[in-house]
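S.K.: What follows is run05.txt, compact mmCIF, N, CA and C atoms.
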# COMPACT_ATOMS: atom_id res chain seq x y z
N MET A 51 -17.36 -11.47 -26.40
CA MET A 51 -16.67 -11.56 -27.67
C MET A 51 -15.50 -12.51 -27.49
N GLY A 52 -15.50 -13.53 -28.34
CA GLY A 52 -14.45 -14.52 -28.26
C GLY A 52 -13.24 -14.15 -29.10
N VAL A 53 -12.22 -14.95 -28.95
CA VAL A 53 -10.98 -14.74 -29.68
C VAL A 53 -11.22 -14.80 -31.19
N GLN A 54 -12.05 -15.76 -31.61
CA GLN A 54 -12.34 -15.89 -33.05
C GLN A 54 -13.02 -14.63 -33.58
N ASP A 55 -13.90 -14.02 -32.78
CA ASP A 55 -14.57 -12.78 -33.20
C ASP A 55 -13.56 -11.66 -33.37
N ILE A 56 -12.61 -11.58 -32.46
CA ILE A 56 -11.57 -10.55 -32.54
C ILE A 56 -10.71 -10.75 -33.78
N ILE A 57 -10.32 -11.99 -34.02
CA ILE A 57 -9.50 -12.31 -35.19
C ILE A 57 -10.25 -11.97 -36.47
N GLU A 58 -11.52 -12.34 -36.54
CA GLU A 58 -12.33 -12.05 -37.72
C GLU A 58 -12.51 -10.53 -37.91
N GLY A 59 -12.71 -9.82 -36.83
CA GLY A 59 -12.84 -8.37 -36.90
C GLY A 59 -11.57 -7.72 -37.43
N LYS A 60 -10.44 -8.19 -36.98
CA LYS A 60 -9.16 -7.65 -37.46
C LYS A 60 -8.96 -7.97 -38.94
N ARG A 61 -9.34 -9.16 -39.34
CA ARG A 61 -9.21 -9.55 -40.74
C ARG A 61 -10.07 -8.65 -41.62
N GLN A 62 -11.30 -8.41 -41.19
CA GLN A 62 -12.19 -7.55 -41.95
C GLN A 62 -11.67 -6.12 -42.01
N TRP A 63 -11.13 -5.62 -40.89
CA TRP A 63 -10.61 -4.26 -40.88
C TRP A 63 -9.41 -4.12 -41.81
N ARG A 64 -8.53 -5.11 -41.80
CA ARG A 64 -7.36 -5.08 -42.70
C ARG A 64 -7.79 -5.08 -44.16
N ALA A 65 -8.81 -5.87 -44.50
CA ALA A 65 -9.32 -5.89 -45.87
C ALA A 65 -9.93 -4.53 -46.22
N HIS A 66 -10.62 -3.91 -45.27
CA HIS A 66 -11.20 -2.58 -45.48
C HIS A 66 -10.10 -1.55 -45.74
N VAL A 67 -9.06 -1.57 -44.93
CA VAL A 67 -7.95 -0.63 -45.08
C VAL A 67 -7.26 -0.83 -46.43
N ALA A 68 -7.12 -2.07 -46.87
CA ALA A 68 -6.51 -2.35 -48.18
C ALA A 68 -7.35 -1.75 -49.30
N ARG A 69 -8.67 -1.82 -49.17
CA ARG A 69 -9.55 -1.21 -50.18
C ARG A 69 -9.36 0.31 -50.21
N VAL A 70 -9.26 0.91 -49.03
CA VAL A 70 -9.06 2.37 -48.96
C VAL A 70 -7.73 2.74 -49.60
N LYS A 71 -6.67 1.98 -49.32
CA LYS A 71 -5.36 2.27 -49.88
C LYS A 71 -5.34 2.13 -51.39
N ALA A 72 -6.23 1.35 -51.95
CA ALA A 72 -6.29 1.16 -53.40
C ALA A 72 -6.99 2.31 -54.11
N LEU A 73 -7.65 3.18 -53.36
CA LEU A 73 -8.33 4.33 -53.97
C LEU A 73 -7.31 5.36 -54.45
N PRO A 74 -7.68 6.21 -55.42
CA PRO A 74 -6.79 7.30 -55.83
C PRO A 74 -6.55 8.26 -54.66
N PRO A 75 -5.46 9.02 -54.71
CA PRO A 75 -5.09 9.89 -53.58
C PRO A 75 -6.19 10.86 -53.13
N ASP A 76 -6.91 11.50 -54.06
CA ASP A 76 -7.93 12.45 -53.63
C ASP A 76 -9.08 11.75 -52.90
N TYR A 77 -9.43 10.56 -53.34
CA TYR A 77 -10.46 9.79 -52.65
C TYR A 77 -9.98 9.36 -51.26
N ARG A 78 -8.71 8.95 -51.16
CA ARG A 78 -8.17 8.54 -49.86
C ARG A 78 -8.20 9.70 -48.87
N ILE A 79 -7.82 10.88 -49.33
CA ILE A 79 -7.80 12.05 -48.45
C ILE A 79 -9.20 12.33 -47.92
N VAL A 80 -10.18 12.33 -48.81
CA VAL A 80 -11.55 12.61 -48.39
C VAL A 80 -12.06 11.49 -47.48
N TYR A 81 -11.75 10.24 -47.80
CA TYR A 81 -12.16 9.13 -46.94
C TYR A 81 -11.60 9.31 -45.53
N LYS A 82 -10.32 9.67 -45.42
CA LYS A 82 -9.70 9.85 -44.11
C LYS A 82 -10.40 10.97 -43.33
N GLU A 83 -10.81 12.03 -44.02
CA GLU A 83 -11.53 13.12 -43.36
C GLU A 83 -12.90 12.64 -42.87
N ILE A 84 -13.57 11.85 -43.69
CA ILE A 84 -14.87 11.30 -43.30
C ILE A 84 -14.70 10.38 -42.09
N GLN A 85 -13.70 9.53 -42.16
CA GLN A 85 -13.44 8.60 -41.06
C GLN A 85 -13.13 9.37 -39.77
N ARG A 86 -12.30 10.38 -39.85
CA ARG A 86 -11.96 11.20 -38.69
C ARG A 86 -13.22 11.86 -38.12
N TYR A 87 -14.05 12.39 -39.01
CA TYR A 87 -15.29 13.05 -38.58
C TYR A 87 -16.19 12.06 -37.84
N TYR A 88 -16.37 10.88 -38.42
CA TYR A 88 -17.25 9.89 -37.78
C TYR A 88 -16.67 9.35 -36.48
N PHE A 89 -15.37 9.21 -36.39
CA PHE A 89 -14.78 8.74 -35.15
C PHE A 89 -14.92 9.79 -34.05
N LYS A 90 -15.03 11.04 -34.44
CA LYS A 90 -15.16 12.13 -33.48
C LYS A 90 -16.60 12.30 -33.00
N VAL A 91 -17.55 12.40 -33.92
CA VAL A 91 -18.94 12.66 -33.56
C VAL A 91 -19.86 11.51 -33.90
N GLY A 92 -19.28 10.48 -34.42
CA GLY A 92 -19.97 9.43 -35.14
C GLY A 92 -21.18 8.80 -34.53
N PRO A 93 -21.83 8.05 -35.38
CA PRO A 93 -23.03 7.35 -34.97
C PRO A 93 -22.72 6.24 -33.97
N VAL A 94 -23.67 6.03 -33.07
CA VAL A 94 -23.55 4.92 -32.13
C VAL A 94 -23.58 3.63 -32.95
N GLY A 95 -22.68 2.74 -32.68
CA GLY A 95 -22.62 1.48 -33.42
C GLY A 95 -21.85 1.56 -34.72
N LEU A 96 -21.01 2.57 -34.87
CA LEU A 96 -20.23 2.72 -36.10
C LEU A 96 -19.40 1.47 -36.39
N ALA A 97 -18.80 0.92 -35.37
CA ALA A 97 -17.93 -0.24 -35.56
C ALA A 97 -18.71 -1.48 -36.02
N GLU A 98 -19.96 -1.60 -35.60
CA GLU A 98 -20.74 -2.78 -35.97
C GLU A 98 -21.45 -2.61 -37.31
N GLY A 99 -21.55 -1.39 -37.79
CA GLY A 99 -22.32 -1.12 -39.00
C GLY A 99 -21.52 -1.22 -40.27
N ASP A 100 -22.19 -0.90 -41.36
CA ASP A 100 -21.59 -0.98 -42.68
C ASP A 100 -21.36 0.39 -43.29
N LEU A 101 -21.41 1.43 -42.48
CA LEU A 101 -21.32 2.79 -43.00
C LEU A 101 -20.00 3.04 -43.74
N LEU A 102 -18.89 2.75 -43.09
CA LEU A 102 -17.59 3.03 -43.71
C LEU A 102 -17.34 2.16 -44.94
N SER A 103 -17.71 0.90 -44.87
CA SER A 103 -17.52 0.05 -46.05
C SER A 103 -18.46 0.47 -47.17
N GLY A 104 -19.63 0.98 -46.83
CA GLY A 104 -20.54 1.51 -47.84
C GLY A 104 -19.97 2.72 -48.54
N ILE A 105 -19.26 3.56 -47.79
CA ILE A 105 -18.62 4.73 -48.38
C ILE A 105 -17.52 4.28 -49.33
N VAL A 106 -16.75 3.27 -48.95
CA VAL A 106 -15.71 2.76 -49.84
C VAL A 106 -16.35 2.18 -51.11
N ASP A 107 -17.46 1.46 -50.97
CA ASP A 107 -18.17 0.96 -52.15
C ASP A 107 -18.56 2.12 -53.07
N PHE A 108 -19.14 3.16 -52.48
CA PHE A 108 -19.57 4.34 -53.23
C PHE A 108 -18.38 5.00 -53.94
N PHE A 109 -17.27 5.11 -53.22
CA PHE A 109 -16.07 5.71 -53.82
C PHE A 109 -15.51 4.85 -54.94
N GLU A 110 -15.50 3.54 -54.76
CA GLU A 110 -15.01 2.65 -55.82
C GLU A 110 -15.87 2.78 -57.08
N GLU A 111 -17.18 2.92 -56.90
CA GLU A 111 -18.06 3.13 -58.05
C GLU A 111 -17.75 4.47 -58.73
N GLY A 112 -17.46 5.50 -57.93
CA GLY A 112 -17.11 6.80 -58.48
C GLY A 112 -15.82 6.74 -59.30
N VAL A 113 -14.85 6.03 -58.77
CA VAL A 113 -13.57 5.86 -59.49
C VAL A 113 -13.83 5.13 -60.80
N ALA A 114 -14.61 4.07 -60.75
CA ALA A 114 -14.89 3.27 -61.95
C ALA A 114 -15.62 4.09 -63.02
N SER A 115 -16.43 5.05 -62.58
CA SER A 115 -17.16 5.86 -63.56
C SER A 115 -16.37 7.10 -63.98
N GLY A 116 -15.17 7.27 -63.44
CA GLY A 116 -14.30 8.37 -63.83
C GLY A 116 -14.64 9.71 -63.20
N LYS A 117 -15.40 9.70 -62.11
CA LYS A 117 -15.78 10.94 -61.44
C LYS A 117 -14.76 11.31 -60.37
N GLY A 118 -14.62 12.59 -60.14
CA GLY A 118 -13.80 13.05 -59.03
C GLY A 118 -14.57 12.92 -57.73
N VAL A 119 -13.87 12.82 -56.64
CA VAL A 119 -14.52 12.60 -55.36
C VAL A 119 -15.47 13.75 -54.99
N MET A 120 -15.10 14.98 -55.31
CA MET A 120 -15.95 16.11 -54.96
C MET A 120 -17.22 16.15 -55.83
N GLU A 121 -17.17 15.55 -57.01
CA GLU A 121 -18.38 15.41 -57.82
C GLU A 121 -19.38 14.50 -57.13
N LEU A 122 -18.88 13.50 -56.41
CA LEU A 122 -19.74 12.54 -55.74
C LEU A 122 -20.36 13.11 -54.47
N ILE A 123 -19.53 13.77 -53.66
CA ILE A 123 -20.02 14.15 -52.33
C ILE A 123 -20.40 15.62 -52.21
N GLY A 124 -19.99 16.44 -53.15
CA GLY A 124 -20.26 17.87 -53.05
C GLY A 124 -19.11 18.59 -52.37
N PRO A 125 -19.23 19.91 -52.23
CA PRO A 125 -18.11 20.70 -51.72
C PRO A 125 -17.91 20.65 -50.20
N ASP A 126 -18.89 20.14 -49.47
CA ASP A 126 -18.83 20.18 -48.00
C ASP A 126 -18.81 18.75 -47.45
N VAL A 127 -17.63 18.31 -47.02
CA VAL A 127 -17.48 16.94 -46.53
C VAL A 127 -18.34 16.71 -45.29
N ALA A 128 -18.36 17.66 -44.36
CA ALA A 128 -19.14 17.51 -43.13
C ALA A 128 -20.64 17.41 -43.43
N ALA A 129 -21.12 18.19 -44.37
CA ALA A 129 -22.54 18.13 -44.73
C ALA A 129 -22.87 16.76 -45.33
N PHE A 130 -21.96 16.22 -46.15
CA PHE A 130 -22.14 14.89 -46.71
C PHE A 130 -22.24 13.86 -45.58
N CYS A 131 -21.33 13.96 -44.62
CA CYS A 131 -21.31 13.03 -43.48
C CYS A 131 -22.60 13.15 -42.67
N ASP A 132 -22.99 14.38 -42.36
CA ASP A 132 -24.20 14.60 -41.57
C ASP A 132 -25.43 14.05 -42.26
N ASP A 133 -25.48 14.20 -43.58
CA ASP A 133 -26.63 13.71 -44.33
C ASP A 133 -26.73 12.18 -44.25
N LEU A 134 -25.60 11.51 -44.24
CA LEU A 134 -25.61 10.04 -44.17
C LEU A 134 -26.11 9.52 -42.82
N ILE A 135 -25.90 10.30 -41.77
CA ILE A 135 -26.28 9.82 -40.43
C ILE A 135 -27.42 10.65 -39.82
N LYS A 136 -28.17 11.36 -40.65
CA LYS A 136 -29.18 12.28 -40.13
C LYS A 136 -30.25 11.59 -39.28
N ASP A 137 -30.56 10.34 -39.51
CA ASP A 137 -31.58 9.63 -38.74
C ASP A 137 -30.97 8.64 -37.75
N THR A 138 -29.71 8.83 -37.42
CA THR A 138 -28.99 7.91 -36.54
C THR A 138 -28.56 8.63 -35.27
N ARG A 139 -28.67 7.95 -34.14
CA ARG A 139 -28.19 8.54 -32.89
C ARG A 139 -26.67 8.60 -32.91
N THR A 140 -26.12 9.71 -32.42
CA THR A 140 -24.68 9.89 -32.38
C THR A 140 -24.22 9.99 -30.93
N TYR A 141 -22.92 9.90 -30.74
CA TYR A 141 -22.37 10.08 -29.40
C TYR A 141 -22.61 11.50 -28.91
N ALA A 142 -22.67 12.45 -29.83
CA ALA A 142 -22.98 13.82 -29.44
C ALA A 142 -24.40 13.90 -28.88
N ASP A 143 -25.34 13.16 -29.45
CA ASP A 143 -26.71 13.11 -28.92
C ASP A 143 -26.71 12.54 -27.51
N LEU A 144 -25.99 11.45 -27.32
CA LEU A 144 -25.92 10.83 -26.00
C LEU A 144 -25.33 11.79 -24.97
N TYR A 145 -24.31 12.52 -25.37
CA TYR A 145 -23.69 13.49 -24.47
C TYR A 145 -24.69 14.58 -24.10
N GLN A 146 -25.38 15.12 -25.09
CA GLN A 146 -26.36 16.16 -24.82
C GLN A 146 -27.46 15.66 -23.88
N GLU A 147 -27.89 14.42 -24.06
CA GLU A 147 -28.91 13.85 -23.18
C GLU A 147 -28.38 13.71 -21.75
N SER A 148 -27.13 13.30 -21.61
CA SER A 148 -26.58 13.13 -20.27
C SER A 148 -26.40 14.48 -19.58
N VAL A 149 -26.03 15.51 -20.33
CA VAL A 149 -25.89 16.86 -19.77
C VAL A 149 -27.27 17.37 -19.33
N ALA A 150 -28.27 17.14 -20.17
CA ALA A 150 -29.63 17.59 -19.85
C ALA A 150 -30.14 16.89 -18.60
N LYS A 151 -29.89 15.59 -18.48
CA LYS A 151 -30.32 14.85 -17.29
C LYS A 151 -29.59 15.33 -16.06
N GLY A 152 -28.31 15.62 -16.22
CA GLY A 152 -27.50 16.08 -15.10
C GLY A 152 -27.90 17.45 -14.58
N SER A 153 -28.41 18.31 -15.45
CA SER A 153 -28.80 19.65 -15.03
C SER A 153 -30.27 19.73 -14.67
N GLY A 154 -31.01 18.64 -14.90
CA GLY A 154 -32.42 18.62 -14.54
C GLY A 154 -33.32 19.34 -15.55
N THR A 155 -32.81 19.60 -16.74
CA THR A 155 -33.63 20.25 -17.77
C THR A 155 -33.99 19.24 -18.84
N SER A 156 -34.92 19.63 -19.68
CA SER A 156 -35.33 18.71 -20.75
C SER A 156 -34.55 18.92 -22.02
N GLY A 157 -33.62 19.85 -22.05
CA GLY A 157 -32.78 20.06 -23.21
C GLY A 157 -33.34 21.05 -24.19
N ALA A 158 -34.44 21.71 -23.84
CA ALA A 158 -35.04 22.68 -24.77
C ALA A 158 -34.45 24.04 -24.67
Show me this structure written as structure tokens.
M.R.:
Amino acid sequence: MGVQDIIEGKRQWRAHVARVKALPPDYRIVYKEIQRYYFKVGPVGLAEGDLLSGIVDFFEEGVASGKGVMELIGPDVAAFCDDLIKDTRTYADLYQESVAKGSGTSGA
């Protein structure tokens, strides 16, 4: 990764953060919870993907249509997050695989 890639990545992240800050307070709170959840258990390749920016797109559409954030995602933020990454490998999966390999079991 070159210096230009780092600069471009920072520019994109700053633009992303500005979009999040432009959301109404309830949307920002839920977005921060989603972000925290994904940074903790998140999908492999989260930084390279479009998941978080896609969520901001979805939230911006919700704001434009006058819906509350909980109308969009439902009452369970974690379930919403899990549903978005249900077919994606997570760091938790990698950890479980490494534990299974280390103990000599197949993980069943």
S.K.: One decimal, in Å: what's the spacing between atom CA of Ala128 of chain A and atom CA of Arg61 of chain A?
M.R.: 28.9 Å
S.K.: Please provide the set of residues having any atom within 8 Å of Glu83 of chain A, restricted to only N, CA and C atoms, with same-chain residues fewer than 5 positions apart removed, written as a list in words.
M.R.: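 These residues fall inside the cut-off: Tyr77, Arg78, Tyr88, Phe89, Val127 and Ala128 of chain A.
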S.K.: Write out as a PyMOL selection string the residues lying within 8 Å of Thr138 of chain A, counting only C-alpha atoms and excluding same-chain residues fewer than 2 positions away.
M.R.: chain A and resi 93-94+135-136+140
S.K.: How many Å separate atom C of Val106 of chain A from atom N of Ile123 of chain A?
M.R.: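 Taking atom C of Val106 of chain A as the start and atom N of Ile123 of chain A as the end point, the length is 12.3 Å.
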S.K.: Which distance in Å separates atom CA of Pro74 of chain A and atom CA of Gly124 of chain A, to one decimal?
M.R.: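 Interatomic distance here is 17.3 Å.
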S.K.: Check the smallest atom-to-atom distance from each of A:Arg69, A:Val91, A:Ile84, A:Ile79 to Asp143 of chain A using only C-alpha atoms, then report the winner.
M.R.: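 Residue with the minimum atom-to-atom distance to Asp143 of chain A: A:Val91.
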S.K.: Running DSSP on the backbone, which parts of chain A land in helix (DSSP H, G or I), as a PyMOL selection string?
M.R.: chain A and resi 53-71+75-91+101-114+119-123+127-134+141-153
S.K.: Pick from A:Met51, A:Ala150, A:Leu73, A:Ile57: nearest to Glu110 of chain A, with all atoms listed in the file counted?
M.R.: A:Leu73
S.K.: Centre and edge lengths, as JSON, for the axis-aligned box enclosing every listed atom of segment 64-76 of chain A with 4 Å of padding on each of the six sides, in Å to one decimal?
M.R.:
{"center_x": -8.1, "center_y": 3.3, "center_z": -48.8, "size_x": 14.1, "size_y": 26.3, "size_z": 22.0}
